[in-house]
file protein_22.pdb (PDB, C-alpha atoms, pLDDT in the B column)
ATOM      1  CA  MET A   3     -19.948  -5.659 -15.856  1.00 48.00           C
ATOM      2  CA  SER A   4     -20.904  -9.298 -16.136  1.00 51.00           C
ATOM      3  CA  ALA A   5     -19.090 -11.246 -13.468  1.00 50.00           C
ATOM      4  CA  ASP A   6     -17.566 -14.621 -14.220  1.00 58.00           C
ATOM      5  CA  ALA A   7     -19.578 -17.281 -12.374  1.00 64.00           C
ATOM      6  CA  ASP A   8     -16.421 -18.340 -10.468  1.00 82.00           C
ATOM      7  CA  LEU A   9     -15.229 -14.803  -9.702  1.00 88.00           C
ATOM      8  CA  THR A  10     -16.025 -14.004  -6.075  1.00 90.00           C
ATOM      9  CA  GLU A  11     -13.731 -11.031  -5.479  1.00 93.00           C
ATOM     10  CA  LEU A  12     -11.380  -8.684  -7.301  1.00 95.00           C
ATOM     11  CA  GLN A  13      -7.736  -8.303  -6.371  1.00 96.00           C
ATOM     12  CA  PHE A  14      -4.544  -7.004  -7.951  1.00 98.00           C
ATOM     13  CA  THR A  15      -0.780  -7.109  -7.468  1.00 98.00           C
ATOM     14  CA  VAL A  16       1.654  -4.379  -8.477  1.00 98.00           C
ATOM     15  CA  PHE A  17       5.408  -4.574  -8.100  1.00 98.00           C
ATOM     16  CA  GLY A  18       8.628  -2.677  -8.596  1.00 98.00           C
ATOM     17  CA  PHE A  19      12.337  -2.881  -7.842  1.00 98.00           C
ATOM     18  CA  VAL A  20      14.157  -0.566  -5.456  1.00 98.00           C
ATOM     19  CA  SER A  21      17.948  -0.408  -5.366  1.00 98.00           C
ATOM     20  CA  ARG A  22      18.146  -0.718  -1.605  1.00 98.00           C
ATOM     21  CA  PRO A  23      18.307  -3.800   0.690  1.00 98.00           C
ATOM     22  CA  PRO A  24      15.028  -5.329   1.921  1.00 98.00           C
ATOM     23  CA  ALA A  25      15.492  -4.122   5.524  1.00 98.00           C
ATOM     24  CA  GLU A  26      15.758  -0.495   4.360  1.00 98.00           C
ATOM     25  CA  VAL A  27      12.768  -0.804   2.023  1.00 98.00           C
ATOM     26  CA  TYR A  28      10.710  -2.510   4.755  1.00 98.00           C
ATOM     27  CA  GLU A  29      11.471   0.412   7.096  1.00 98.00           C
ATOM     28  CA  ALA A  30      10.305   2.874   4.425  1.00 98.00           C
ATOM     29  CA  VAL A  31       6.815   1.401   4.885  1.00 98.00           C
ATOM     30  CA  ALA A  32       6.895   0.472   8.592  1.00 98.00           C
ATOM     31  CA  ASP A  33       8.411   3.701   9.952  1.00 98.00           C
ATOM     32  CA  PRO A  34       5.861   6.564   9.944  1.00 98.00           C
ATOM     33  CA  ALA A  35       8.561   9.251   9.707  1.00 97.00           C
ATOM     34  CA  ILE A  36       9.943   7.765   6.482  1.00 98.00           C
ATOM     35  CA  LEU A  37       6.504   6.944   5.016  1.00 97.00           C
ATOM     36  CA  SER A  38       5.466  10.570   5.596  1.00 95.00           C
ATOM     37  CA  ARG A  39       8.395  11.821   3.517  1.00 95.00           C
ATOM     38  CA  TYR A  40       7.246  10.252   0.249  1.00 95.00           C
ATOM     39  CA  PHE A  41       3.695   8.820   0.556  1.00 94.00           C
ATOM     40  CA  THR A  42       1.393   9.949   3.359  1.00 93.00           C
ATOM     41  CA  THR A  43       1.506  13.641   2.471  1.00 88.00           C
ATOM     42  CA  GLY A  44      -0.574  14.563   5.532  1.00 90.00           C
ATOM     43  CA  GLY A  45       1.554  12.376   7.773  1.00 92.00           C
ATOM     44  CA  ALA A  46       1.519   8.897   9.262  1.00 96.00           C
ATOM     45  CA  GLU A  47       1.122   8.166  12.955  1.00 96.00           C
ATOM     46  CA  GLY A  48       2.261   4.898  14.487  1.00 97.00           C
ATOM     47  CA  ARG A  49       4.787   2.285  13.514  1.00 98.00           C
ATOM     48  CA  LEU A  50       3.438  -0.748  11.672  1.00 98.00           C
ATOM     49  CA  GLU A  51       3.559  -3.481  14.305  1.00 98.00           C
ATOM     50  CA  PRO A  52       1.309  -6.565  14.559  1.00 97.00           C
ATOM     51  CA  GLY A  53      -2.041  -5.876  16.190  1.00 96.00           C
ATOM     52  CA  VAL A  54      -1.842  -2.069  16.242  1.00 97.00           C
ATOM     53  CA  ALA A  55      -4.019   0.508  14.536  1.00 96.00           C
ATOM     54  CA  VAL A  56      -2.298   3.529  13.000  1.00 97.00           C
ATOM     55  CA  GLN A  57      -3.404   6.578  11.006  1.00 96.00           C
ATOM     56  CA  TRP A  58      -2.399   7.560   7.496  1.00 95.00           C
ATOM     57  CA  ASP A  59      -3.347  11.034   6.271  1.00 93.00           C
ATOM     58  CA  PHE A  60      -3.084  12.395   2.750  1.00 87.00           C
ATOM     59  CA  ALA A  61      -3.143  16.171   2.182  1.00 82.00           C
ATOM     60  CA  ASP A  62      -4.398  15.552  -1.369  1.00 78.00           C
ATOM     61  CA  PHE A  63      -7.229  13.268  -0.105  1.00 75.00           C
ATOM     62  CA  PRO A  64      -8.099  14.941   3.222  1.00 71.00           C
ATOM     63  CA  GLY A  65      -9.007  12.868   6.200  1.00 79.00           C
ATOM     64  CA  ALA A  66      -6.992  10.359   8.147  1.00 87.00           C
ATOM     65  CA  PHE A  67      -7.434   6.698   7.261  1.00 88.00           C
ATOM     66  CA  PRO A  68      -7.332   4.096  10.032  1.00 93.00           C
ATOM     67  CA  VAL A  69      -4.962   1.258   9.145  1.00 95.00           C
ATOM     68  CA  ARG A  70      -4.958  -1.983  11.130  1.00 97.00           C
ATOM     69  CA  VAL A  71      -1.781  -4.062  11.066  1.00 98.00           C
ATOM     70  CA  LEU A  72      -2.489  -7.777  10.750  1.00 98.00           C
ATOM     71  CA  GLU A  73       1.102  -8.909  10.264  1.00 98.00           C
ATOM     72  CA  ALA A  74       4.547  -7.291  10.310  1.00 98.00           C
ATOM     73  CA  ARG A  75       7.544  -9.559   9.816  1.00 98.00           C
ATOM     74  CA  ALA A  76      10.727  -7.565   9.160  1.00 98.00           C
ATOM     75  CA  PRO A  77      12.175  -7.436   6.591  1.00 98.00           C
ATOM     76  CA  GLU A  78       9.845  -9.689   4.578  1.00 98.00           C
ATOM     77  CA  ARG A  79       6.154  -8.865   4.882  1.00 98.00           C
ATOM     78  CA  ILE A  80       3.525  -6.413   6.147  1.00 98.00           C
ATOM     79  CA  VAL A  81      -0.220  -7.070   5.947  1.00 98.00           C
ATOM     80  CA  LEU A  82      -2.757  -4.295   6.584  1.00 97.00           C
ATOM     81  CA  ARG A  83      -6.499  -3.875   6.566  1.00 96.00           C
ATOM     82  CA  TRP A  84      -8.185  -0.566   5.932  1.00 91.00           C
ATOM     83  CA  ASP A  85     -11.762   0.561   5.595  1.00 87.00           C
ATOM     84  CA  GLY A  86     -13.583   0.556   2.310  1.00 83.00           C
ATOM     85  CA  ASP A  87     -17.017   1.412   1.036  1.00 86.00           C
ATOM     86  CA  PRO A  88     -19.345  -1.515   1.843  1.00 86.00           C
ATOM     87  CA  ALA A  89     -20.821  -1.099  -1.655  1.00 89.00           C
ATOM     88  CA  THR A  90     -17.433  -1.941  -3.200  1.00 92.00           C
ATOM     89  CA  THR A  91     -15.747  -4.302  -0.721  1.00 92.00           C
ATOM     90  CA  GLN A  92     -16.481  -7.937  -0.019  1.00 86.00           C
ATOM     91  CA  GLU A  93     -15.697  -7.770   3.665  1.00 80.00           C
ATOM     92  CA  THR A  94     -17.297  -5.476   6.212  1.00 78.00           C
ATOM     93  CA  ASP A  95     -13.937  -4.268   7.517  1.00 83.00           C
ATOM     94  CA  GLY A  96     -12.471  -3.172   4.179  1.00 90.00           C
ATOM     95  CA  THR A  97      -9.686  -4.501   2.027  1.00 95.00           C
ATOM     96  CA  GLU A  98      -6.475  -6.342   2.848  1.00 96.00           C
ATOM     97  CA  VAL A  99      -3.123  -5.054   1.588  1.00 98.00           C
ATOM     98  CA  ALA A 100      -0.011  -7.248   1.652  1.00 98.00           C
ATOM     99  CA  PHE A 101       3.509  -5.897   1.073  1.00 98.00           C
ATOM    100  CA  GLU A 102       6.227  -8.422   0.264  1.00 98.00           C
ATOM    101  CA  PHE A 103       9.907  -7.442   0.244  1.00 98.00           C
ATOM    102  CA  ARG A 104      12.047  -9.917  -1.706  1.00 98.00           C
ATOM    103  CA  PRO A 105      15.835  -9.655  -1.965  1.00 98.00           C
ATOM    104  CA  VAL A 106      17.206  -9.555  -5.496  1.00 97.00           C
ATOM    105  CA  GLY A 107      20.634 -10.843  -6.478  1.00 93.00           C
ATOM    106  CA  ASP A 108      23.070 -10.198  -3.665  1.00 95.00           C
ATOM    107  CA  GLY A 109      20.386  -8.461  -1.570  1.00 96.00           C
ATOM    108  CA  ALA A 110      21.362  -4.919  -2.545  1.00 97.00           C
ATOM    109  CA  ARG A 111      18.031  -4.597  -4.412  1.00 98.00           C
ATOM    110  CA  THR A 112      14.479  -5.395  -3.361  1.00 98.00           C
ATOM    111  CA  GLU A 113      11.440  -6.486  -5.318  1.00 98.00           C
ATOM    112  CA  VAL A 114       8.411  -4.926  -3.605  1.00 98.00           C
ATOM    113  CA  ARG A 115       5.024  -6.530  -4.301  1.00 98.00           C
ATOM    114  CA  VAL A 116       1.758  -4.975  -3.145  1.00 98.00           C
ATOM    115  CA  THR A 117      -1.401  -7.087  -3.334  1.00 98.00           C
ATOM    116  CA  GLU A 118      -4.792  -5.702  -2.387  1.00 97.00           C
ATOM    117  CA  ARG A 119      -7.894  -7.866  -2.259  1.00 97.00           C
ATOM    118  CA  ALA A 120     -11.540  -8.016  -1.243  1.00 95.00           C
ATOM    119  CA  TRP A 121     -13.470  -5.960  -3.792  1.00 95.00           C
ATOM    120  CA  ARG A 122     -16.843  -7.014  -5.097  1.00 94.00           C
ATOM    121  CA  PRO A 123     -16.832  -8.200  -8.734  1.00 95.00           C
ATOM    122  CA  THR A 124     -19.106  -5.299  -9.774  1.00 94.00           C
ATOM    123  CA  ASP A 125     -18.630  -2.073 -11.705  1.00 95.00           C
ATOM    124  CA  ALA A 126     -18.264  -0.113  -8.452  1.00 95.00           C
ATOM    125  CA  GLY A 127     -15.852  -2.705  -7.043  1.00 95.00           C
ATOM    126  CA  ALA A 128     -13.734  -2.613 -10.201  1.00 95.00           C
ATOM    127  CA  GLU A 129     -13.622   1.191 -10.172  1.00 96.00           C
ATOM    128  CA  ALA A 130     -12.466   1.201  -6.530  1.00 94.00           C
ATOM    129  CA  ALA A 131      -9.878  -1.533  -7.188  1.00 96.00           C
ATOM    130  CA  PHE A 132      -8.487   0.273 -10.249  1.00 96.00           C
ATOM    131  CA  GLY A 133      -8.217   3.507  -8.248  1.00 93.00           C
ATOM    132  CA  ASN A 134      -6.267   1.795  -5.486  1.00 94.00           C
ATOM    133  CA  CYS A 135      -4.123  -0.026  -8.060  1.00 96.00           C
ATOM    134  CA  MET A 136      -3.132   3.390  -9.411  1.00 94.00           C
ATOM    135  CA  GLY A 137      -2.429   4.564  -5.859  1.00 92.00           C
ATOM    136  CA  TRP A 138      -0.151   1.666  -4.942  1.00 96.00           C
ATOM    137  CA  THR A 139       1.705   1.929  -8.255  1.00 97.00           C
ATOM    138  CA  GLY A 140       2.288   5.601  -7.489  1.00 94.00           C
ATOM    139  CA  MET A 141       3.418   4.693  -3.977  1.00 96.00           C
ATOM    140  CA  LEU A 142       6.016   2.266  -5.342  1.00 98.00           C
ATOM    141  CA  ALA A 143       7.343   4.865  -7.803  1.00 97.00           C
ATOM    142  CA  ALA A 144       7.460   7.490  -5.043  1.00 97.00           C
ATOM    143  CA  MET A 145       9.251   5.056  -2.713  1.00 98.00           C
ATOM    144  CA  LYS A 146      11.884   4.309  -5.346  1.00 98.00           C
ATOM    145  CA  ALA A 147      12.458   7.995  -6.105  1.00 98.00           C
ATOM    146  CA  TRP A 148      12.725   8.842  -2.388  1.00 98.00           C
ATOM    147  CA  LEU A 149      14.984   5.963  -1.335  1.00 98.00           C
ATOM    148  CA  GLU A 150      17.286   6.092  -4.349  1.00 98.00           C
ATOM    149  CA  TYR A 151      17.391   9.843  -5.114  1.00 97.00           C
ATOM    150  CA  GLY A 152      15.771  11.761  -2.232  1.00 97.00           C
ATOM    151  CA  ILE A 153      13.043  13.100  -4.545  1.00 96.00           C
ATOM    152  CA  ASN A 154       9.421  13.429  -3.371  1.00 94.00           C
ATOM    153  CA  LEU A 155       7.284  12.539  -6.404  1.00 92.00           C
ATOM    154  CA  ARG A 156       3.930  13.138  -4.660  1.00 86.00           C
ATOM    155  CA  GLU A 157       4.596  16.791  -3.880  1.00 82.00           C
ATOM    156  CA  GLY A 158       2.138  18.680  -6.090  1.00 80.00           C
ATOM    157  CA  PHE A 159       1.177  15.558  -8.050  1.00 79.00           C
ATOM    158  CA  TYR A 160      -2.461  15.310  -6.975  1.00 72.00           C
ATOM    159  CA  ALA A 161      -3.201  18.931  -6.039  1.00 68.00           C
TER     160      ALA A 161
END

call {"tool": "encode", "arguments": {"input": "protein_22.pdb", "output": "C-alpha cells"}}
result
Amino acid sequence: MSADADLTELQFTVFGFVSRPPAEVYEAVADPAILSRYFTTGGAEGRLEPGVAVQWDFADFPGAFPVRVLEARAPERIVLRWDGDPATTQETDGTEVAFEFRPVGDGARTEVRVTERAWRPTDAGAEAAFGNCMGWTGMLAAMKAWLEYGINLREGFYA
C-alpha cells in the first residue's frame, strides 16, 4: 500500500437508522445488560460512564476486551478507547470509537454513527480497520434487529 503523503491515519464511519428514540438507542450501547443481548456475546461488564473501564467479551472471539470510556453524554454521544495491535494503530493505547445518536424527524427514529480512528496508513493498519468496520456494521445491524424485532442476529453468525 502506498500511503498518500498527507495521510497520517486511517479512520472510517458507518451508520444506520433505528426506529427507536435516541435515549433508547443510547441505552442499548451504554447498558451492559442490553448490549449483551445483541452484541457482546460473551457478556459486557460495567455501564459506559465517563472515566470508567469496562469489559466486553465475545464468545466468537474469546477473551475479554478492556474498554475505556472517554465520554458519555446521554442521549447524544459515547466515546471509547480500546486496545489495538501496536503494529496497526497510531496510538499506543489503541483506537478511539465514537458513537453519535441523532434524532430523526420527530425523534421516534435515531441515526447511529460509529467512527473509529487511529490506524496506521499501512497494509496491516488497513486490514485491521476494514475488519473493525465490518464489526461495527454488524453491530449496527444487530442493534436494529434487537431493538425493533427482538431478534439476535449474532447468535451463530461467527461460530

call {"tool": "residues_around", "arguments": {"input": "protein_22.pdb", "residues": "stretch 87-89 of chain A", "least_positions_apart": "6", "cutoff": "8 Å", "atoms": "all atoms listed in the file", "output": "ChimeraX atom specification"}}
result
/A:96,122,126-127

call {"tool": "atom_distance", "arguments": {"input": "protein_22.pdb", "atom1": "atom CA of A:Arg79", "atom2": "atom CA of A:Ser21"}}
result
17.8 Å

call {"tool": "atom_distance", "arguments": {"input": "protein_22.pdb", "atom1": "atom CA of A:Thr112", "atom2": "atom CA of A:Arg22"}}
result
6.2 Å

call {"tool": "closest_residue", "arguments": {"input": "protein_22.pdb", "among": "A:Asp108, A:Glu29, A:Trp58, A:Phe63", "to": "A:Thr42", "atoms": "all atoms listed in the file"}}
result
A:Trp58

call {"tool": "resolve_selection", "arguments": {"input": "protein_22.pdb", "expression": "the PyMOL selection byres ((chain A and resi 61) around 8)", "output": "number ranges by chain"}}
result
A: 42-44, 59-60, 62-65

call {"tool": "decode", "arguments": {"input": "protein_22.pdb", "residues": "stretch 74-150 of chain A", "atoms": "C-alpha atoms", "output": "PDB file, in the first residue's frame"}}
result
ATOM      1  CA  ALA A  74     -20.667   9.524  27.740  1.00  0.00           C
ATOM      2  CA  ARG A  75     -23.296  12.198  27.177  1.00  0.00           C
ATOM      3  CA  ALA A  76     -26.813  10.727  27.136  1.00  0.00           C
ATOM      4  CA  PRO A  77     -28.555  10.505  24.762  1.00  0.00           C
ATOM      5  CA  GLU A  78     -26.144  12.012  22.218  1.00  0.00           C
ATOM      6  CA  ARG A  79     -22.625  10.597  22.305  1.00  0.00           C
ATOM      7  CA  ILE A  80     -20.296   7.916  23.687  1.00  0.00           C
ATOM      8  CA  VAL A  81     -16.544   7.865  23.043  1.00  0.00           C
ATOM      9  CA  LEU A  82     -14.432   4.799  23.867  1.00  0.00           C
ATOM     10  CA  ARG A  83     -10.835   3.724  23.569  1.00  0.00           C
ATOM     11  CA  TRP A  84      -9.792   0.114  23.305  1.00  0.00           C
ATOM     12  CA  ASP A  85      -6.508  -1.665  22.819  1.00  0.00           C
ATOM     13  CA  GLY A  86      -5.109  -2.434  19.419  1.00  0.00           C
ATOM     14  CA  ASP A  87      -2.032  -4.051  17.983  1.00  0.00           C
ATOM     15  CA  PRO A  88       0.817  -1.501  18.107  1.00  0.00           C
ATOM     16  CA  ALA A  89       1.785  -2.648  14.595  1.00  0.00           C
ATOM     17  CA  THR A  90      -1.580  -1.439  13.257  1.00  0.00           C
ATOM     18  CA  THR A  91      -2.560   1.501  15.483  1.00  0.00           C
ATOM     19  CA  GLN A  92      -1.171   5.010  15.542  1.00  0.00           C
ATOM     20  CA  GLU A  93      -1.534   5.492  19.263  1.00  0.00           C
ATOM     21  CA  THR A  94      -0.037   3.323  21.977  1.00  0.00           C
ATOM     22  CA  ASP A  95      -3.372   2.920  23.758  1.00  0.00           C
ATOM     23  CA  GLY A  96      -5.377   1.653  20.780  1.00  0.00           C
ATOM     24  CA  THR A  97      -8.144   3.146  18.714  1.00  0.00           C
ATOM     25  CA  GLU A  98     -10.897   5.621  19.531  1.00  0.00           C
ATOM     26  CA  VAL A  99     -14.537   4.787  18.802  1.00  0.00           C
ATOM     27  CA  ALA A 100     -17.225   7.485  18.811  1.00  0.00           C
ATOM     28  CA  PHE A 101     -20.960   6.712  18.775  1.00  0.00           C
ATOM     29  CA  GLU A 102     -23.310   9.544  17.838  1.00  0.00           C
ATOM     30  CA  PHE A 103     -27.076   9.238  18.310  1.00  0.00           C
ATOM     31  CA  ARG A 104     -29.002  11.761  16.204  1.00  0.00           C
ATOM     32  CA  PRO A 105     -32.786  12.141  16.340  1.00  0.00           C
ATOM     33  CA  VAL A 106     -34.561  11.801  13.009  1.00  0.00           C
ATOM     34  CA  GLY A 107     -37.827  13.529  12.159  1.00  0.00           C
ATOM     35  CA  ASP A 108     -39.988  13.718  15.250  1.00  0.00           C
ATOM     36  CA  GLY A 109     -37.392  11.838  17.334  1.00  0.00           C
ATOM     37  CA  ALA A 110     -39.035   8.425  17.015  1.00  0.00           C
ATOM     38  CA  ARG A 111     -36.043   7.264  14.922  1.00  0.00           C
ATOM     39  CA  THR A 112     -32.310   7.557  15.504  1.00  0.00           C
ATOM     40  CA  GLU A 113     -29.386   7.813  13.129  1.00  0.00           C
ATOM     41  CA  VAL A 114     -26.468   5.992  14.778  1.00  0.00           C
ATOM     42  CA  ARG A 115     -22.973   6.859  13.532  1.00  0.00           C
ATOM     43  CA  VAL A 116     -19.887   4.925  14.609  1.00  0.00           C
ATOM     44  CA  THR A 117     -16.474   6.397  13.803  1.00  0.00           C
ATOM     45  CA  GLU A 118     -13.264   4.577  14.637  1.00  0.00           C
ATOM     46  CA  ARG A 119      -9.859   6.154  14.141  1.00  0.00           C
ATOM     47  CA  ALA A 120      -6.144   5.794  14.781  1.00  0.00           C
ATOM     48  CA  TRP A 121      -4.884   3.098  12.415  1.00  0.00           C
ATOM     49  CA  ARG A 122      -1.561   3.348  10.658  1.00  0.00           C
ATOM     50  CA  PRO A 123      -1.807   4.006   6.897  1.00  0.00           C
ATOM     51  CA  THR A 124      -0.170   0.634   6.115  1.00  0.00           C
ATOM     52  CA  ASP A 125      -1.384  -2.691   4.761  1.00  0.00           C
ATOM     53  CA  ALA A 126      -1.677  -4.090   8.299  1.00  0.00           C
ATOM     54  CA  GLY A 127      -3.457  -0.942   9.505  1.00  0.00           C
ATOM     55  CA  ALA A 128      -5.918  -1.091   6.608  1.00  0.00           C
ATOM     56  CA  GLU A 129      -6.638  -4.774   7.237  1.00  0.00           C
ATOM     57  CA  ALA A 130      -7.346  -4.079  10.928  1.00  0.00           C
ATOM     58  CA  ALA A 131      -9.516  -1.046  10.095  1.00  0.00           C
ATOM     59  CA  PHE A 132     -11.531  -2.980   7.493  1.00  0.00           C
ATOM     60  CA  GLY A 133     -12.083  -5.809   9.988  1.00  0.00           C
ATOM     61  CA  ASN A 134     -13.393  -3.417  12.618  1.00  0.00           C
ATOM     62  CA  CYS A 135     -15.502  -1.615  10.001  1.00  0.00           C
ATOM     63  CA  MET A 136     -17.183  -4.955   9.295  1.00  0.00           C
ATOM     64  CA  GLY A 137     -17.644  -5.486  13.036  1.00  0.00           C
ATOM     65  CA  TRP A 138     -19.301  -2.133  13.697  1.00  0.00           C
ATOM     66  CA  THR A 139     -21.551  -2.515  10.651  1.00  0.00           C
ATOM     67  CA  GLY A 140     -22.626  -5.885  12.028  1.00  0.00           C
ATOM     68  CA  MET A 141     -23.174  -4.318  15.446  1.00  0.00           C
ATOM     69  CA  LEU A 142     -25.487  -1.680  13.966  1.00  0.00           C
ATOM     70  CA  ALA A 143     -27.497  -4.316  12.072  1.00  0.00           C
ATOM     71  CA  ALA A 144     -27.711  -6.474  15.205  1.00  0.00           C
ATOM     72  CA  MET A 145     -28.800  -3.464  17.284  1.00  0.00           C
ATOM     73  CA  LYS A 146     -31.568  -2.632  14.820  1.00  0.00           C
ATOM     74  CA  ALA A 147     -32.815  -6.227  14.700  1.00  0.00           C
ATOM     75  CA  TRP A 148     -32.777  -6.495  18.512  1.00  0.00           C
ATOM     76  CA  LEU A 149     -34.402  -3.144  19.308  1.00  0.00           C
ATOM     77  CA  GLU A 150     -37.032  -3.275  16.576  1.00  0.00           C
TER      78      GLU A 150
END
